Amino acid sequence: MLMATGIVDKLPDISNAADLIKAGTLRLCPICDGYEVIDKRVAVIGPLKNAMKKALFMRTFTRNLTLLITDPETRDDPHALAVLAREGIEVAACTRDAIRASGPDAIVEFSDGKVLAFDTIYPAMGCTMRSQLAVELGAKCDEVGNLVTDSHQRTNILGLYAAGDVVDEINQIAVAFGHAAAAASDIHNYLANSDRDA
């Protein structure tokens, strides 16, 4: 059995997130489409730890970058703020529901009345791993919930494989294809050997 159950991205608390994704105003994967926002007004929203990593990655695509921090308890991390300042990344605190669409722009409204407009916002709010079924079958996972596999995509359960985003790798379709190819070859050999043993 090959588990390819993936992940579910956590999104800002807005009712029309799907519409914003379709419009390209809200984007999920800078590895996939960061080149499409070169030199545009971009924001990354989420808890400081997650959002900072994505903002630093986005720095290679645009200098017009703002980090929107949603977790009050880490807004004053001096080391993180120093790194962001050195990279020229603006920092602002906001709530998870501060985003709205206005034409092609994403608008962020702050409690003090300030409004900022962006061409694109990337959420960095984490994700939900869809590994529960495999774990219930006895498969091992890491602390985040990624299924642990070997180089053939085998889990610790004989005959159970995992591929794609549910495994700890870059969340890319191309990577999932590679996982599937490795798993398919090993599954083929496993089944062929099982038939000979029967």
# chains A, B, ... in the order shown; residues from 1 in each chain; ligands from 1
$ residues_around --residues "range 1-9 of chain A" --least-positions-apart "6" --cutoff "8 Å" --atoms "only C-alpha atoms" --output "NGL selection string"
:A and (28 or 125-131 or 134 or 159-166 or 183)
$ closest_atom_pairs --of "range 90-117 of chain A" --to "range 41-47 of chain A" --cutoff "10 Å" --atoms "only C-alpha atoms" --output "CSV"
residue,atom,partner,partner_atom,distance
A:Glu90,CA,A:Ala43,CA,9.1
A:Val91,CA,A:Ala43,CA,9.5
A:Ala92,CA,A:Ile45,CA,9.6
A:Ala93,CA,A:Ile45,CA,9.3
A:Cys94,CA,A:Ile45,CA,8.5
A:Thr95,CA,A:Gly46,CA,9.1
A:Arg96,CA,A:Gly46,CA,7.6
A:Ile99,CA,A:Ile45,CA,9.7
A:Asp105,CA,A:Arg41,CA,9.4
A:Ala106,CA,A:Ala43,CA,9.4
A:Val108,CA,A:Ala43,CA,9.7
A:Leu116,CA,A:Ala43,CA,9.8
A:Ala117,CA,A:Arg41,CA,7.7
$ atom_distance --atom1 "CA of Ile89 in chain A" --atom2 "CA of Thr66 in chain A"
5.6 Å
$ select_by_dssp --residues "range 28-197 of chain A" --states "strand (DSSP E)" --output "number ranges by chain"
A: 42-46, 65-69, 90-93, 99-102, 105-109, 115-118, 120-123, 127-129, 161-162
$ residues_around --residues "Ala98 in chain A" --least-positions-apart "5" --cutoff "9 Å" --atoms "only C-alpha atoms" --output "PyMOL selection string"
chain A and resi 12-14+107-111
$ write_last_selection --atoms "all heavy atoms" --output "compact mmCIF listing (two decimals), in the first residue's frame"
# COMPACT_ATOMS: atom_id res chain seq x y z
N PRO A 12 -4.73 32.02 6.53
CA PRO A 12 -5.26 33.12 7.36
C PRO A 12 -6.75 32.95 7.59
O PRO A 12 -7.45 32.30 6.79
CB PRO A 12 -4.97 34.37 6.52
CG PRO A 12 -3.86 33.97 5.62
CD PRO A 12 -4.07 32.51 5.32
N ASP A 13 -7.25 33.53 8.67
CA ASP A 13 -8.67 33.41 9.02
C ASP A 13 -9.51 34.37 8.20
O ASP A 13 -10.00 35.38 8.70
CB ASP A 13 -8.86 33.68 10.52
CG ASP A 13 -8.18 32.65 11.38
OD1 ASP A 13 -8.01 31.51 10.91
OD2 ASP A 13 -7.80 32.98 12.51
N ILE A 14 -9.65 34.07 6.92
CA ILE A 14 -10.48 34.89 6.04
C ILE A 14 -11.40 33.97 5.25
O ILE A 14 -11.03 32.85 4.90
CB ILE A 14 -9.62 35.75 5.08
CG1 ILE A 14 -8.55 34.90 4.40
CG2 ILE A 14 -8.98 36.90 5.82
CD1 ILE A 14 -7.72 35.64 3.38
N ILE A 107 -5.02 43.62 0.83
CA ILE A 107 -4.95 44.74 1.77
C ILE A 107 -4.88 44.18 3.18
O ILE A 107 -5.62 43.25 3.53
CB ILE A 107 -6.22 45.63 1.64
CG1 ILE A 107 -6.39 46.13 0.21
CG2 ILE A 107 -6.18 46.79 2.63
CD1 ILE A 107 -5.28 47.01 -0.29
N VAL A 108 -3.98 44.75 3.98
CA VAL A 108 -3.88 44.35 5.38
C VAL A 108 -4.20 45.57 6.22
O VAL A 108 -3.59 46.63 6.07
CB VAL A 108 -2.48 43.82 5.73
CG1 VAL A 108 -2.39 43.46 7.20
CG2 VAL A 108 -2.15 42.61 4.86
N GLU A 109 -5.22 45.42 7.08
CA GLU A 109 -5.65 46.50 7.95
C GLU A 109 -5.14 46.24 9.37
O GLU A 109 -5.29 45.14 9.90
CB GLU A 109 -7.17 46.60 7.95
CG GLU A 109 -7.75 46.94 6.58
CD GLU A 109 -9.27 46.99 6.59
OE1 GLU A 109 -9.88 46.56 7.59
OE2 GLU A 109 -9.83 47.45 5.59
N PHE A 110 -4.53 47.25 9.96
CA PHE A 110 -3.96 47.13 11.30
C PHE A 110 -4.87 47.81 12.32
O PHE A 110 -5.69 48.67 11.97
CB PHE A 110 -2.56 47.74 11.33
CG PHE A 110 -1.61 47.02 10.41
CD1 PHE A 110 -1.47 47.41 9.08
CD2 PHE A 110 -0.87 45.95 10.86
CE1 PHE A 110 -0.61 46.75 8.23
CE2 PHE A 110 0.00 45.28 10.01
CZ PHE A 110 0.13 45.68 8.69
N SER A 111 -4.72 47.43 13.58
CA SER A 111 -5.59 47.95 14.63
C SER A 111 -5.47 49.46 14.81
O SER A 111 -6.40 50.11 15.27
CB SER A 111 -5.30 47.25 15.96
OG SER A 111 -3.94 47.40 16.30
